[in-house]
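The block underneath contains the structure these notes are about, expressed in structure tokens.
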Amino acid sequence: MPEMLSPVLTQVPSREPMISLRNLRVSYGGREILHGVSFDVQRGETMVILGGSGSGKSTLLRTLVGLEKPSAGEVWIAGKNFSAISDTEKDQIRKKIGMSFQGGALFGSMTVGDNVALPLREHTKLEDSTIDIMVRLKLDQVGLSGFEDYLPSELSGGMKKRAAVARALAMDPEILFFDEPSAGLDPIIAAGIDQLILELKKAFHMTIIVVTHELASAFLIADRMVLINKGDVIALGTSQEVQNSRHPKVRQFFDRVAEPAVAEELDYLQMLTGHHSRQGERSPGKSG
Amino acid sequence: MELAQKIGRTVIDTLAYLGALAVLGARASYFTFIGPFKGKSLRFQAAVAQGMEVGVRALPILSLITFFIGLIMALQSAYELRRFGALYYVATAVALSMTRELGPLITAVIVIGRSGSAFAAEIGTMKVTEEIDALETMAVSPIHFLVAPKFMAMVLMLPCLTIWANTMGILGGSLFGVLQAGFTFGGYIRATIEALFLRDVVTGLIKSFMFGITITAVGCHEGLNTGGGAEQVGRSTTRAVVVSIFLVILVDLIFTALFFFLGGQ
């Protein structure tokens, strides 16, 4: 691994958390999704944000990178209040973060190489030949050497994710965000992505935030994890601490127990329609 | 009371929409005219590519349609002029209606169908696949990256296309003039040039410039405000076309009235 790319740390005292959420609330069209989330992410730490569908974990991630505005509370990144600074300052911070989107979000009209080169062409004055070398380096880091001239549509799902990681790495970020890195991938490819995250962590000591609902992957890569349920933090700590939590919702998540409300809803529906479950057996089936 | 509320809401929504278009247009203009002097790159290459798509590739269909429109205008005006034995004025009628009104308008409608809709679909798809979000997290402004080149291409190409459309319309009219009104081709063109004042052409071009801004703003705004899901892209595209046509007609009315009352006639 090339050591020349070791991250240049910003002027924040190293004891200060890299990311700090303070009583963060986010609403969509009058409905509150996050009800006051607070936690810190330390420099060089890998934090996994766990939660089921609709828990608000994706909204949390979008707020962290500034795609959603909090309705209350603060996001501090690298010692700056992200919701109170100017757009120019925001862009300065954004150049130091990389984000890998769930579906890759590669630009379909550009080759993989151009995708990775884009942040470099936008934000640096590097020569084209230097950029070419950097692109090859980044693609090599994610195991995609030689795919510079492919279009994203010509890549498989796992390769798209890797290309997206290469693009996120282009500016040598200090913080790397992953949205559902293993969603939609088969277990072997997903394990490969986990491995890639571990390698990046080891090689560059980046601060890494991963949003996922995959438990196996979470336990493999996390230094600490935070579990979100319906917009609230219900567990926060090391993998071991979270796993030992006695909170009923945490237990439900780790023991994979179905939501009891679903069963109740079925009962409710049957009550409304006047159907009893036995009736299904008596009604004329396909044989009739 | 409820009706008053509804009217109030509609007025506010409409004003908010127009405001959003104005902001988008202003930001795109900033990146086109001011940004380059402040160290921001002018996306010349992207603009040229857009110009090819918006302008050059529209030429065949635009030529055909405006040629027919010119011919139709000749036939329609001859219907009335014939009664006064004034078929000579067919050339004047075609020249004035094409340069002042139909050239810019038909060009705008064709560009809306080809490019306004494409802008909405392209940006809308990028929104759905999180590509717009990706740009923002990379500290690249989607307005600078996507809208500004389209804006540049449109404000440059629409007046050019309009000049072309005017010419094709006049050629269409000359077909009737030569075959039915006793003109020679050269005579028809001379009659056209005699009938036209520079301001006829210029007012048409000013309008087409405004249409270019309108079409880009609406197409890109609809694309950027696409909700989640593929069917929303379709909806944005449809809205982009309908709203663009409406606003182009509105802008046309405003500017035509303006030219009329400012004494340009």
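In the structure tokens, each chain is lettered A, B, ... as it comes, each chain's residues begin at 1, and ligands are numbered from 1 in order of appearance.
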request  = Select residues of chain B: the criterion is any atom within 12 Å of an atom of chain A, counting only C-alpha atoms; output as an MDAnalysis selection string.
outcome  = chainID B and resid 39:43 122:123 125:141 144:146
task = Please run DSSP on the backbone and report, as a VMD selection string, all residues within region 91-263 of chain A that come out as alpha helix (DSSP H).
result = chain A and resid 91 to 94 112 to 123 128 to 141 157 to 169 187 to 204 215 to 221 239 to 243 248 to 254 260 to 263
ask   = Could you name the residues that touch region 183-189 of chain A at 7 Å or less, counting only C-alpha atoms, but leaving out those on the same chain fewer than 4 positions away, as a count of residues only?
value = 3
Surrounding residues of Asn225 (chain B) excluding itself and chain neighbours under 5 positions, 12 Å, only C-alpha atoms, as a short mmCIF file (atom, residue, chain, number, x, y, z; two decimals) with N, CA and C atoms, in the first residue's frame:
data_model
loop_
_atom_site.label_atom_id
_atom_site.label_comp_id
_atom_site.auth_asym_id
_atom_site.auth_seq_id
_atom_site.Cartn_x
_atom_site.Cartn_y
_atom_site.Cartn_z
N TYR B 17 -42.78 28.90 -7.51
CA TYR B 17 -42.22 28.17 -8.66
C TYR B 17 -41.41 29.12 -9.55
N ALA B 20 -38.24 30.01 -7.90
CA ALA B 20 -37.24 28.95 -7.98
C ALA B 20 -36.58 28.94 -9.35
N LEU B 21 -37.39 29.16 -10.40
CA LEU B 21 -36.83 29.22 -11.76
C LEU B 21 -35.85 30.38 -11.88
N LEU B 24 -32.61 29.55 -10.14
CA LEU B 24 -31.84 28.60 -10.94
C LEU B 24 -31.20 29.31 -12.13
N ALA B 120 -34.88 17.34 -18.33
CA ALA B 120 -35.62 16.88 -17.14
C ALA B 120 -35.37 15.40 -16.92
N ALA B 121 -35.39 14.62 -18.02
CA ALA B 121 -35.21 13.17 -17.87
C ALA B 121 -33.79 12.85 -17.41
N ILE B 123 -31.50 14.80 -15.79
CA ILE B 123 -31.22 15.23 -14.42
C ILE B 123 -32.10 14.46 -13.44
N GLY B 124 -33.36 14.19 -13.85
CA GLY B 124 -34.25 13.43 -12.98
C GLY B 124 -33.71 12.04 -12.70
N THR B 125 -33.20 11.38 -13.73
CA THR B 125 -32.63 10.04 -13.53
C THR B 125 -31.42 10.12 -12.61
N MET B 126 -30.60 11.14 -12.80
CA MET B 126 -29.43 11.30 -11.94
C MET B 126 -29.83 11.55 -10.50
N LYS B 127 -30.96 12.23 -10.33
CA LYS B 127 -31.46 12.49 -8.98
C LYS B 127 -31.89 11.16 -8.34
N VAL B 128 -32.62 10.35 -9.11
CA VAL B 128 -33.13 9.09 -8.57
C VAL B 128 -31.99 8.13 -8.23
N ILE B 132 -26.87 13.09 -8.26
CA ILE B 132 -26.86 14.51 -7.86
C ILE B 132 -26.32 14.64 -6.43
N ALA B 217 -34.35 26.59 -17.64
CA ALA B 217 -34.69 26.69 -16.23
C ALA B 217 -35.77 25.68 -15.86
N VAL B 218 -36.81 25.60 -16.69
CA VAL B 218 -37.91 24.68 -16.36
C VAL B 218 -37.43 23.22 -16.43
N GLY B 219 -36.75 22.86 -17.51
CA GLY B 219 -36.30 21.47 -17.67
C GLY B 219 -35.40 21.05 -16.52
N CYS B 220 -34.42 21.89 -16.19
CA CYS B 220 -33.48 21.53 -15.13
C CYS B 220 -34.15 21.57 -13.76
N GLN B 232 -41.43 8.85 -11.35
CA GLN B 232 -41.33 10.29 -11.10
C GLN B 232 -40.53 10.99 -12.20
N VAL B 233 -39.60 10.27 -12.80
CA VAL B 233 -38.82 10.85 -13.90
C VAL B 233 -39.75 11.16 -15.06
N ARG B 235 -42.92 11.74 -14.84
CA ARG B 235 -43.78 12.86 -14.46
C ARG B 235 -43.04 14.19 -14.62
N SER B 236 -41.77 14.23 -14.19
CA SER B 236 -40.99 15.47 -14.33
C SER B 236 -40.86 15.85 -15.79
N THR B 237 -40.62 14.85 -16.65
CA THR B 237 -40.44 15.11 -18.07
C THR B 237 -41.71 15.72 -18.65
N ARG B 239 -44.10 17.27 -17.04
CA ARG B 239 -44.29 18.61 -16.48
C ARG B 239 -43.37 19.62 -17.15
N ALA B 240 -42.12 19.19 -17.40
CA ALA B 240 -41.16 20.10 -18.02
C ALA B 240 -41.70 20.59 -19.36
#
task = Mind checking which residues fall within 8 Å of region 178-185 of chain B, counting only C-alpha atoms, ignoring those fewer than 3 positions away in the same chain, and posting them as a list in words?
result = Leu87, Tyr88, Ser174, Leu175, Tyr188 and Ile189 of chain B
I need the residues from that last selection saved to file as a compact mmCIF listing (two decimals), in the first residue's frame (with N, CA and C atoms), if you can.
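The new file result_18.txt reads:
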# COMPACT_ATOMS: atom_id res chain seq x y z
N LEU B 87 -51.68 39.42 -54.23
CA LEU B 87 -50.85 38.25 -53.96
C LEU B 87 -49.38 38.60 -53.77
N TYR B 88 -49.00 39.79 -54.27
CA TYR B 88 -47.62 40.24 -54.12
C TYR B 88 -47.23 40.31 -52.65
N SER B 174 -41.61 30.82 -50.37
CA SER B 174 -41.22 31.11 -51.75
C SER B 174 -41.70 30.01 -52.70
N LEU B 175 -41.88 28.82 -52.18
CA LEU B 175 -42.38 27.72 -53.02
C LEU B 175 -43.76 28.10 -53.57
N TYR B 188 -38.98 36.93 -55.23
CA TYR B 188 -39.60 36.66 -53.94
C TYR B 188 -38.67 37.07 -52.80
N ILE B 189 -37.39 36.69 -52.95
CA ILE B 189 -36.41 37.02 -51.90
C ILE B 189 -36.26 38.54 -51.79
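In this structure, CA of Val112 (chain A) sits 9.6 Å away from CA of Leu144 (chain A).
Interatomic distance, CA of Ala235 (chain A) to CA of Leu61 (chain A): 17.1 Å.
For the pair CA of Asp252 (chain B) and CA of Thr99 (chain B), the separation is 13.1 Å.
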key: Non-local contacts of Arg100 (chain B) (8 Å; only C-alpha atoms; under 2 positions in same chain excluded) as number ranges by chain   = B: 96-98, 102-104, 200-201, 203-204
request  = Write out as a count of residues only each polymer residue whose atoms come within 10 Å of Thr167 (chain B), counting only C-alpha atoms; drop sequence neighbours fewer than 4 positions from it.
outcome  = 14
